[in-house]
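Visitor: Structure file run08.cif (mmCIF, C-alpha atoms) right here:
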data_structure
loop_
_atom_site.label_atom_id
_atom_site.label_comp_id
_atom_site.auth_asym_id
_atom_site.auth_seq_id
_atom_site.Cartn_x
_atom_site.Cartn_y
_atom_site.Cartn_z
CA MET A 1 90.58 -100.13 29.91
CA ARG A 2 88.70 -101.88 27.13
CA ARG A 3 85.48 -101.27 29.05
CA TYR A 4 86.11 -97.52 29.13
CA TRP A 5 86.75 -97.46 25.38
CA LEU A 6 83.47 -99.26 24.77
CA ILE A 7 81.60 -96.73 26.94
CA PHE A 8 83.31 -93.83 25.11
CA ALA A 9 82.48 -95.30 21.69
CA GLN A 10 78.86 -95.81 22.67
CA ALA A 11 78.62 -92.24 23.99
CA VAL A 12 80.07 -90.81 20.78
CA THR A 13 77.66 -92.90 18.73
CA VAL A 14 74.66 -91.71 20.76
CA CYS A 15 75.78 -88.05 20.46
CA LEU A 16 76.22 -88.36 16.71
CA GLY A 17 72.77 -89.92 16.47
CA ILE A 18 71.22 -87.10 18.48
CA LEU A 19 73.07 -84.50 16.34
CA PHE A 20 71.77 -86.17 13.16
CA VAL A 21 68.19 -86.16 14.41
CA VAL A 22 68.39 -82.50 15.56
CA THR A 23 70.01 -81.42 12.29
CA THR A 24 67.30 -83.16 10.30
CA LEU A 25 64.23 -82.23 12.33
CA ARG A 26 65.10 -79.00 14.23
CA PRO A 27 68.04 -77.19 12.58
CA ASP A 28 66.90 -73.92 14.17
CA LEU A 29 68.09 -75.22 17.56
CA LEU A 30 71.68 -75.22 16.32
CA ARG A 31 71.57 -71.46 15.68
CA LEU A 32 70.69 -70.89 19.32
CA ALA A 33 73.56 -73.02 20.59
CA GLY A 34 76.65 -71.39 21.99
CA PRO A 35 79.40 -72.76 19.70
CA ALA A 36 77.47 -71.89 16.52
CA ALA A 37 77.08 -68.32 17.66
CA GLY A 38 80.80 -67.51 17.51
CA PRO A 39 81.76 -65.93 14.15
CA GLN A 40 78.09 -65.61 13.06
CA ALA A 41 77.24 -63.63 16.19
CA ALA A 42 80.22 -61.34 15.60
CA THR A 43 79.08 -60.77 11.99
CA ALA A 44 75.50 -60.08 13.09
CA ALA A 45 76.70 -57.62 15.72
CA ALA A 46 78.65 -55.74 13.06
CA ARG A 47 75.59 -55.33 10.84
CA PRO A 48 73.87 -51.91 10.83
CA PRO A 49 70.38 -51.56 12.33
CA ALA A 50 67.54 -52.88 10.22
CA GLY A 51 66.38 -49.37 9.30
CA ARG A 52 69.75 -48.54 7.73
CA ALA A 53 70.62 -51.87 6.15
CA MET A 54 71.41 -52.22 2.46
CA GLY A 55 72.44 -48.54 2.13
CA VAL A 56 68.99 -47.13 3.04
CA ALA A 57 69.47 -43.56 4.31
CA SER A 58 67.25 -41.56 6.61
CA TYR A 59 66.95 -37.78 6.62
CA ALA A 60 65.00 -37.71 9.88
CA ASP A 61 67.75 -35.89 11.80
CA GLY A 62 68.00 -33.14 9.19
CA VAL A 63 64.23 -32.70 9.03
CA ALA A 64 63.95 -32.64 12.83
CA ARG A 65 66.57 -29.91 12.89
CA ALA A 66 64.90 -27.71 10.26
CA ALA A 67 61.16 -28.36 10.62
CA PRO A 68 60.56 -26.21 13.76
CA SER A 69 61.75 -23.11 11.87
CA VAL A 70 59.24 -23.57 9.01
CA VAL A 71 55.93 -21.80 9.59
CA ASN A 72 52.54 -21.51 7.94
CA VAL A 73 51.62 -18.02 6.70
CA TYR A 74 47.93 -17.10 6.53
CA THR A 75 46.95 -13.84 4.83
CA THR A 76 43.65 -12.00 4.59
CA LYS A 77 42.80 -9.27 2.13
CA HIS A 78 39.54 -7.61 1.07
CA VAL A 79 38.47 -7.62 -2.56
CA ASN A 80 35.51 -6.15 -4.45
CA VAL A 81 33.10 -8.88 -5.51
CA PRO A 82 30.41 -7.98 -8.12
CA LEU A 83 26.81 -8.39 -7.00
CA ILE A 84 25.73 -9.14 -10.55
CA PRO A 85 27.55 -11.22 -13.19
CA LEU A 86 29.88 -9.09 -15.31
CA PRO A 87 31.42 -9.88 -18.70
CA ASP A 88 34.95 -11.24 -18.63
CA ASP A 89 36.35 -7.88 -19.67
CA PRO A 90 38.94 -6.20 -17.42
CA VAL A 91 37.91 -2.72 -18.58
CA LEU A 92 34.24 -3.27 -17.71
CA ARG A 93 35.15 -4.93 -14.43
CA GLN A 94 37.34 -1.99 -13.46
CA LEU A 95 34.64 0.50 -14.50
CA PHE A 96 31.78 -1.16 -12.65
CA GLY A 97 34.02 -1.98 -9.74
CA GLN A 98 34.15 1.72 -8.89
CA VAL A 99 30.35 2.19 -8.91
CA PRO A 100 28.79 2.08 -5.42
CA GLY A 101 26.20 -0.64 -4.98
CA VAL A 102 27.49 -2.80 -7.83
CA THR A 103 30.14 -4.58 -5.74
CA ARG A 104 30.65 -5.50 -2.12
CA ARG A 105 33.78 -5.95 -0.05
CA GLN A 106 34.60 -9.56 0.77
CA ALA A 107 37.46 -11.06 2.76
CA SER A 108 39.70 -13.43 0.86
CA THR A 109 42.17 -15.74 2.60
CA SER A 110 45.22 -17.53 1.23
CA LEU A 111 48.08 -19.53 2.61
CA GLY A 112 51.78 -20.01 2.13
CA SER A 113 54.88 -20.86 4.10
CA GLY A 114 57.82 -19.07 5.64
CA VAL A 115 61.11 -19.70 7.43
CA ILE A 116 62.19 -18.24 10.77
CA VAL A 117 65.66 -16.84 10.14
CA ASN A 118 66.19 -14.97 13.39
CA GLN A 119 65.30 -15.68 17.01
CA ASP A 120 63.94 -12.14 17.29
CA GLY A 121 60.94 -13.00 15.12
CA TYR A 122 62.07 -12.36 11.54
CA VAL A 123 60.49 -14.64 8.94
CA LEU A 124 61.60 -14.96 5.31
CA THR A 125 58.92 -15.75 2.72
CA ASN A 126 57.87 -14.96 -0.85
CA TYR A 127 56.54 -11.53 -1.78
CA HIS A 128 53.59 -13.02 -3.66
CA VAL A 129 52.50 -14.81 -0.47
CA VAL A 130 51.92 -11.54 1.42
CA GLN A 131 51.31 -9.15 -1.48
CA ALA A 132 48.45 -6.70 -0.75
CA ALA A 133 47.56 -8.55 2.46
CA ASP A 134 45.48 -6.65 5.03
CA ALA A 135 46.33 -9.04 7.84
CA ILE A 136 49.00 -11.72 8.28
CA GLU A 137 49.04 -14.55 10.81
CA VAL A 138 51.92 -16.99 11.31
CA ALA A 139 51.47 -20.47 12.81
CA LEU A 140 54.47 -22.32 14.22
CA SER A 141 54.91 -26.09 14.08
CA ASP A 142 54.36 -26.31 17.86
CA GLY A 143 50.89 -24.79 17.55
CA ARG A 144 51.69 -21.22 18.60
CA ARG A 145 50.26 -18.38 16.51
CA ASP A 146 51.11 -14.71 16.22
CA ALA A 147 50.29 -11.74 14.05
CA ALA A 148 53.00 -10.46 11.70
CA LYS A 149 53.75 -7.39 9.65
CA VAL A 150 55.83 -6.85 6.53
CA VAL A 151 59.20 -5.30 7.32
CA GLY A 152 60.05 -4.94 3.63
CA ALA A 153 59.76 -6.69 0.30
CA ASP A 154 61.71 -7.10 -2.92
CA PRO A 155 59.37 -7.85 -5.85
CA ASP A 156 62.35 -8.25 -8.21
CA THR A 157 63.38 -11.47 -6.43
CA ASP A 158 59.91 -12.27 -5.01
CA LEU A 159 61.16 -12.14 -1.42
CA ALA A 160 59.69 -10.51 1.68
CA VAL A 161 60.66 -10.27 5.34
CA LEU A 162 58.03 -10.45 8.10
CA ARG A 163 58.34 -9.85 11.82
CA LEU A 164 56.18 -11.47 14.44
CA ALA A 165 54.36 -9.13 16.80
CA SER A 166 55.22 -10.72 20.15
CA LEU A 167 56.84 -14.16 19.96
CA ARG A 168 60.60 -14.21 20.52
CA ALA A 169 63.34 -16.79 21.30
CA LEU A 170 62.18 -18.74 18.26
CA PRO A 171 63.77 -21.77 16.56
CA ALA A 172 65.74 -20.16 13.74
CA ALA A 173 66.90 -22.03 10.65
CA THR A 174 70.59 -22.72 10.14
CA LEU A 175 71.65 -21.09 6.89
CA ALA A 176 73.84 -23.25 4.71
CA PRO A 177 77.47 -22.17 4.34
CA ASP A 178 78.53 -20.69 1.03
CA ARG A 179 80.15 -23.92 -0.11
CA GLY A 180 77.83 -24.26 -3.08
CA LEU A 181 75.29 -26.88 -4.05
CA ARG A 182 76.00 -29.41 -6.77
CA VAL A 183 73.65 -30.96 -9.26
CA GLY A 184 72.67 -34.31 -7.79
CA ASP A 185 72.79 -33.23 -4.12
CA VAL A 186 69.84 -34.44 -2.05
CA VAL A 187 67.44 -31.69 -0.96
CA LEU A 188 64.15 -31.65 0.94
CA ALA A 189 61.26 -29.19 0.65
CA ILE A 190 59.29 -28.32 3.80
CA GLY A 191 56.07 -26.33 3.67
CA ASN A 192 52.29 -26.40 3.90
CA PRO A 193 51.00 -27.63 0.51
CA PHE A 194 47.26 -27.16 -0.06
CA GLY A 195 46.88 -26.36 3.63
CA VAL A 196 47.14 -30.03 4.71
CA GLY A 197 49.82 -29.23 7.30
CA GLN A 198 53.59 -29.26 7.44
CA THR A 199 54.89 -31.67 4.80
CA THR A 200 58.38 -32.78 3.78
CA THR A 201 59.23 -34.00 0.28
CA GLN A 202 62.56 -35.28 -1.00
CA GLY A 203 64.43 -34.92 -4.28
CA ILE A 204 67.72 -33.78 -5.75
CA VAL A 205 69.15 -30.60 -7.21
CA SER A 206 68.19 -30.90 -10.88
CA ALA A 207 69.96 -27.75 -12.12
CA LEU A 208 71.53 -24.53 -10.88
CA GLY A 209 71.36 -20.93 -12.10
CA ARG A 210 68.05 -21.28 -13.96
CA ASN A 211 66.96 -17.98 -15.52
CA GLY A 212 64.92 -16.65 -18.42
CA LEU A 213 61.74 -18.17 -16.97
CA GLY A 214 59.82 -14.90 -16.83
CA LEU A 215 59.00 -15.32 -13.14
CA ASN A 216 61.11 -12.53 -11.63
CA THR A 217 63.21 -9.64 -12.86
CA TYR A 218 66.33 -11.27 -11.45
CA GLU A 219 66.40 -15.06 -11.70
CA HIS A 220 69.07 -17.46 -10.53
CA PHE A 221 66.99 -20.40 -9.35
CA ILE A 222 67.80 -23.80 -7.92
CA GLN A 223 65.75 -26.35 -9.87
CA THR A 224 64.64 -29.44 -7.96
CA ASP A 225 62.35 -32.42 -8.41
CA ALA A 226 61.33 -32.38 -4.73
CA ALA A 227 57.55 -31.99 -4.84
CA ILE A 228 56.55 -28.33 -4.47
CA ASN A 229 52.84 -27.50 -4.57
CA PRO A 230 50.61 -24.47 -3.92
CA GLY A 231 51.13 -23.53 -0.29
CA ASN A 232 54.83 -24.47 -0.36
CA SER A 233 55.77 -20.97 -1.55
CA GLY A 234 58.07 -19.31 0.95
CA GLY A 235 58.95 -22.61 2.62
CA ALA A 236 62.36 -24.14 3.19
CA LEU A 237 64.57 -26.07 0.81
CA ILE A 238 67.14 -27.83 3.00
CA ASP A 239 70.08 -30.15 2.47
CA ALA A 240 70.35 -33.62 4.00
CA GLU A 241 71.83 -32.13 7.18
CA GLY A 242 68.96 -29.69 7.70
CA ASN A 243 70.73 -26.51 6.54
CA LEU A 244 68.63 -23.96 4.67
CA VAL A 245 69.81 -23.78 1.04
CA GLY A 246 66.87 -21.99 -0.59
CA ILE A 247 63.39 -20.52 -0.37
CA ASN A 248 60.79 -22.43 -2.41
CA THR A 249 59.36 -19.98 -4.90
CA ALA A 250 57.59 -21.45 -7.93
CA ILE A 251 56.72 -24.55 -9.91
CA TYR A 252 56.35 -25.39 -13.57
CA SER A 253 52.98 -27.05 -13.98
CA GLU A 254 50.26 -27.49 -16.56
CA SER A 255 47.80 -28.87 -14.02
CA GLY A 256 48.49 -26.70 -10.97
CA GLY A 257 50.21 -29.55 -9.09
CA SER A 258 53.78 -30.72 -8.90
CA MET A 259 55.31 -32.12 -12.09
CA GLY A 260 58.82 -32.55 -10.74
CA ILE A 261 60.03 -29.11 -11.82
CA GLY A 262 60.25 -26.70 -8.92
CA PHE A 263 62.33 -23.58 -8.35
CA ALA A 264 63.85 -22.11 -5.21
CA THR A 265 65.73 -18.87 -4.60
CA PRO A 266 69.27 -19.69 -3.39
CA ILE A 267 69.98 -18.75 0.21
CA GLU A 268 72.98 -16.66 -0.91
CA ILE A 269 70.60 -14.28 -2.70
CA ALA A 270 67.93 -14.48 0.01
CA ARG A 271 70.47 -13.68 2.72
CA LYS A 272 71.63 -10.49 0.98
CA VAL A 273 68.07 -9.33 0.32
CA MET A 274 67.01 -10.10 3.89
CA ASP A 275 69.98 -8.30 5.47
CA GLU A 276 69.37 -5.17 3.40
CA ILE A 277 65.63 -5.18 4.12
CA VAL A 278 66.19 -5.56 7.86
CA LYS A 279 68.82 -2.81 7.78
CA THR A 280 67.17 -0.26 5.49
CA GLY A 281 63.63 -1.49 4.84
CA GLY A 282 64.25 -2.14 1.15
CA VAL A 283 66.73 -3.22 -1.50
CA LYS A 284 68.72 -0.80 -3.66
CA ARG A 285 70.17 -2.02 -6.94
CA GLY A 286 72.32 -0.55 -9.64
CA TRP A 287 70.60 0.78 -12.76
CA LEU A 288 71.67 2.18 -16.14
CA GLY A 289 68.40 3.29 -17.66
CA VAL A 290 68.69 1.34 -20.91
CA GLU A 291 66.60 -1.09 -22.94
CA PRO A 292 68.92 -4.01 -23.68
CA GLN A 293 68.43 -6.67 -26.33
CA ASP A 294 70.21 -9.95 -27.03
CA VAL A 295 72.35 -10.26 -30.16
CA THR A 296 70.32 -12.53 -32.44
CA PRO A 297 71.57 -13.88 -35.81
CA GLU A 298 69.26 -11.41 -37.58
CA LEU A 299 70.61 -8.43 -35.61
CA ALA A 300 74.17 -9.65 -36.11
CA ARG A 301 73.63 -9.58 -39.89
CA ALA A 302 71.98 -6.15 -39.70
CA PHE A 303 74.91 -4.74 -37.72
CA GLU A 304 77.39 -6.62 -39.93
CA LEU A 305 78.89 -8.34 -36.93
CA ASP A 306 81.22 -11.27 -36.92
CA ARG A 307 79.55 -14.60 -36.22
CA ASN A 308 81.46 -14.96 -32.93
CA THR A 309 80.60 -11.48 -31.64
CA THR A 310 78.90 -11.54 -28.24
CA GLY A 311 77.33 -8.80 -26.18
CA VAL A 312 74.11 -6.90 -25.59
CA ILE A 313 72.66 -4.36 -28.01
CA ILE A 314 71.34 -1.11 -26.54
CA ALA A 315 67.90 -0.67 -28.12
CA GLY A 316 66.92 2.36 -26.05
CA VAL A 317 68.47 4.88 -23.68
CA MET A 318 66.43 6.82 -21.12
CA ARG A 319 66.81 10.56 -21.39
CA ASP A 320 68.95 12.00 -18.58
CA GLY A 321 69.49 8.49 -17.18
CA PRO A 322 72.85 7.17 -15.95
CA ALA A 323 73.66 5.57 -19.33
CA ALA A 324 72.80 8.73 -21.28
CA ARG A 325 74.98 10.84 -18.99
CA GLY A 326 77.81 8.34 -19.43
CA GLY A 327 77.69 8.60 -23.24
CA LEU A 328 75.96 5.30 -24.09
CA ARG A 329 74.02 5.43 -27.37
CA VAL A 330 71.34 3.42 -29.14
CA GLY A 331 73.03 0.78 -31.28
CA ASP A 332 76.02 0.36 -28.98
CA ILE A 333 76.92 -3.25 -28.20
CA VAL A 334 78.03 -3.74 -24.59
CA GLN A 335 80.64 -6.48 -24.52
CA SER A 336 81.90 -6.26 -20.95
CA VAL A 337 81.26 -4.51 -17.63
CA ASN A 338 84.29 -3.96 -15.39
CA GLY A 339 86.14 -6.59 -17.38
CA LYS A 340 83.38 -9.23 -17.12
CA ARG A 341 82.14 -10.46 -20.50
CA MET A 342 78.43 -9.95 -21.16
CA VAL A 343 76.68 -12.69 -23.13
CA ASP A 344 73.00 -11.75 -22.88
CA THR A 345 70.48 -9.32 -21.41
CA THR A 346 70.04 -11.29 -18.18
CA ASN A 347 73.79 -11.28 -17.65
CA LEU A 348 73.99 -7.49 -18.11
CA LEU A 349 71.04 -6.64 -15.85
CA SER A 350 72.27 -8.94 -13.08
CA GLU A 351 75.80 -7.54 -13.21
CA ILE A 352 74.63 -3.92 -13.06
CA ALA A 353 72.11 -4.72 -10.30
CA GLN A 354 74.89 -6.01 -8.06
CA LEU A 355 76.78 -2.71 -8.26
CA PRO A 356 76.03 -0.20 -5.51
CA PRO A 357 74.39 3.02 -6.73
CA GLY A 358 76.95 5.81 -7.17
CA GLN A 359 79.78 3.47 -8.18
CA ARG A 360 81.56 4.07 -11.47
CA ALA A 361 81.39 1.17 -13.93
CA THR A 362 83.61 0.72 -16.99
CA LEU A 363 81.72 -0.50 -20.07
CA SER A 364 83.52 -1.86 -23.11
CA VAL A 365 81.28 -0.99 -26.06
CA LEU A 366 81.45 -1.89 -29.74
CA ARG A 367 80.46 1.22 -31.70
CA GLY A 368 80.77 1.40 -35.47
CA GLY A 369 83.14 -1.54 -35.50
CA LYS A 370 85.48 0.05 -32.96
CA LEU A 371 85.89 -0.79 -29.28
CA VAL A 372 85.16 2.16 -26.97
CA GLU A 373 85.41 2.32 -23.19
CA LEU A 374 82.83 4.37 -21.28
CA ALA A 375 82.74 5.30 -17.60
CA VAL A 376 79.16 5.31 -16.32
CA VAL A 377 78.07 6.25 -12.81
CA VAL A 378 75.50 3.64 -11.76
CA GLY A 379 72.13 4.98 -10.66
CA THR A 380 69.47 3.53 -8.33
CA ARG A 381 66.90 1.23 -9.88
CA PRO A 382 63.37 2.64 -9.45
CA GLY A 383 61.26 0.46 -7.18
CA LYS A 384 58.22 -1.45 -8.41
CA PRO A 385 54.83 -0.36 -7.14
CA ARG A 386 53.59 -2.69 -4.40
#
Once you've parsed the file, please lay out its structure as structure tokens.

Guide:
Amino acid sequence: MRRYWLIFAQAVTVCLGILFVVTTLRPDLLRLAGPAAGPQAATAAARPPAGRAMGVASYADGVARAAPSVVNVYTTKHVNVPLIPLPDDPVLRQLFGQVPGVTRRQASTSLGSGVIVNQDGYVLTNYHVVQAADAIEVALSDGRRDAAKVVGADPDTDLAVLRLASLRALPAATLAPDRGLRVGDVVLAIGNPFGVGQTTTQGIVSALGRNGLGLNTYEHFIQTDAAINPGNSGGALIDAEGNLVGINTAIYSESGGSMGIGFATPIEIARKVMDEIVKTGGVKRGWLGVEPQDVTPELARAFELDRNTTGVIIAGVMRDGPAARGGLRVGDIVQSVNGKRMVDTTNLLSEIAQLPPGQRATLSVLRGGKLVELAVVVGTRPGKPR
């Protein structure tokens, strides 16, 4: 028995010696051993893949879902180019531009982006992308090309709807549900900036409901810091899941490139405009025929208004227009429309524009210090020349 104990003690001593040498010289061998791989292996198996470790997110699935529906829009139009240098005077240029032999017709090309919104070939883009175009060609992300024509346009929101000539069964974008974006939500812009090819940029929603920028008649923009550059106009603004939340429309820039302030038309507005264009070929909006003006501190003093008075001053009324027929006068201060309080000119124009022509609207008006209610039948806003 004593002999066996001596053999056991010697074996243990040798094993401990080997373990000491391995631990000192080759500790990496211990990590490959079976016993050491127990709880550590379970922990390693529970770790996320390397590409998603440490909270790193990927938007590849959303981009893959939306990118096939984003197209490049190429337009061609012919312009008069002077044969001789002319002074930088618009009057002289217009005068000499009508004289035969002084100018020649030259084709001018430009590019933009668009979004396929229907498998039957309807493409949503910006009006300024296709304005005055003689020919339009659309290129899909898979390399296919097709001619397109303008179904209708709405200059007031800078939107236009195209239809491809022959291609059908197309990859249409998924429009985001009306659940509403929030400031801080991640968004991605997809388009063809500077003609380099389809490009995706990432940012967040910086602000909602931007207006008063002087870009369109009706403004309710999504502001984002996702890079938007020339050529992105008409492209897609999508959420992290690939749903279309807006149409990229404009940028604020002093250099011509992206400065982190871009604007997109919300899909809620674009959807309504698109549906009406496809259905009727155009967009009809409510109209009063007035010249509104914001209540400034100077005007408030002139009208002897209380400091807290809000509303819109009527500075002009079109003869025989809807407002004139409804009894609205110059100097009236519109405080509400159908019970909704009006705070500025943009608010009033947008509210009236949403009303269908022919509908009766109730205006609460401050006239001579007294509140008067007027019933005005909304007219149809005259269209802009295209």

Visitor: State, in Å with one decimal place, the distance from atom CA of Val337 of chain A to atom CA of Ile222 of chain A.

Guide: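 Distance between the two atoms: 25.4 Å.
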
Visitor: Could you list, as a list in words, every residue matched by the PyMOL selection byres ((chain A and resi 349-352) around 10) in this structure?

Guide: Thr217, Tyr218, Glu219, His220, Arg285, Gly286, Trp287, Leu288, Val290, Pro292, Ser336, Val337, Asn338, Lys340, Met342, Asp344, Thr345, Thr346, Asn347, Leu348, Ala353, Gln354, Leu355, Pro356, Pro357, Ala361, Val378, Gly379 and Arg381 of chain A

Visitor: For Val73 of chain A, which residue among A:Gln202, A:Asn232, A:Asn216, A:Thr174 is the nearest when counting all atoms listed in the file?

Guide: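 Between A:Gln202, A:Asn232, A:Asn216, A:Thr174, the residue approaching Val73 of chain A most closely is A:Asn232.
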
Visitor: Could you tell me which of A:Val365, A:Ile333, A:Val138, A:Cys15 comes closest to Ala300 of chain A if we count all atoms listed in the file?

Guide: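 Of all the options, A:Ile333 lies closest to Ala300 of chain A.
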
Visitor: Go through A:Ala169, A:Leu374, A:Ala139, A:Leu124 one by one, measure the shortest atom-to-atom distance of each to Gly246 of chain A using all atoms listed in the file, and give the residue with the smallest value.

Guide: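 Closest residue, counting all atoms listed in the file: A:Leu124.
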
Visitor: So the first atom is atom CA of Gly209 of chain A and the second is atom CA of Gly262 of chain A; what is the distance between them in Å, to one decimal place?

Guide: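 Distance reported for this atom pair: 12.9 Å.
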
Visitor: Find the residue from A:Gly289, A:Gly231, A:Pro297, A:Gly212 that sits nearest to Val317 of chain A; use all atoms listed in the file when measuring.

Guide: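 Among the listed residues, the smallest separation from Val317 of chain A belongs to A:Gly289.
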
Visitor: Evaluate the PyMOL selection byres ((chain A and resi 314) around 7) and record the selected residues as a list of chain:residue names, following the chain and residue labels used in the document.

Guide: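 Checking the PyMOL selection byres ((chain A and resi 314) around 7) against this file, the residues are A:Val290, A:Glu291, A:Pro292, A:Gln293, A:Val312, A:Ile313, A:Ala315, A:Gly316, A:Val330, A:Gly331, A:Asp332, A:Ile333.
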
Visitor: Quick one, how far is atom CA of Ala57 of chain A from atom CA of Arg179 of chain A?

Guide: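 Atom CA of Arg179 of chain A lies at a distance of 22.8 Å from atom CA of Ala57 of chain A.
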
Visitor: Which of these residues is nearest to Met259 of chain A, using all atoms listed in the file: A:Asp275, A:Asp294, A:Asp225, A:Asp239?

Guide: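 The shortest atom-to-atom distance to Met259 of chain A comes from A:Asp225.
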
Visitor: Which residue, A:Ile251, A:Val130, A:Ala189, A:Met274, has the smallest gap to Gly235 of chain A when you use all atoms listed in the file?

Guide: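 Of A:Ile251, A:Val130, A:Ala189, A:Met274, the one nearest Gly235 of chain A is A:Ala189, counting all atoms listed in the file.
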
Visitor: Could you pull the residues within 10 Å of Pro266 of chain A, counting all atoms listed in the file, minus those fewer than 5 positions along the same chain, as a list in words?

Guide: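 Answer for this query is Ala176, Gly180, Leu181, Leu208, Gly209, Glu219, His220, Phe221, Ile222, Gln223, Leu237, Leu244, Val245, Gly246, Ile247, Asn248 and Arg271 of chain A.
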
Visitor: Given the file shown, enumerate the residues that the PyMOL selection byres ((chain A and resi 161) around 7) captures and present them as a PyMOL selection string.

Guide: chain A and resi 122-125+150-153+160+162-163+274

Visitor: Just the residues within 12 Å of Ala172 of chain A, please, counting all atoms listed in the file, with nothing from its chain fewer than 2 positions along; format it as an MDAnalysis selection string.

Guide: chainID A and resid 65:71 114:124 140 168:170 174:175 236 242:244
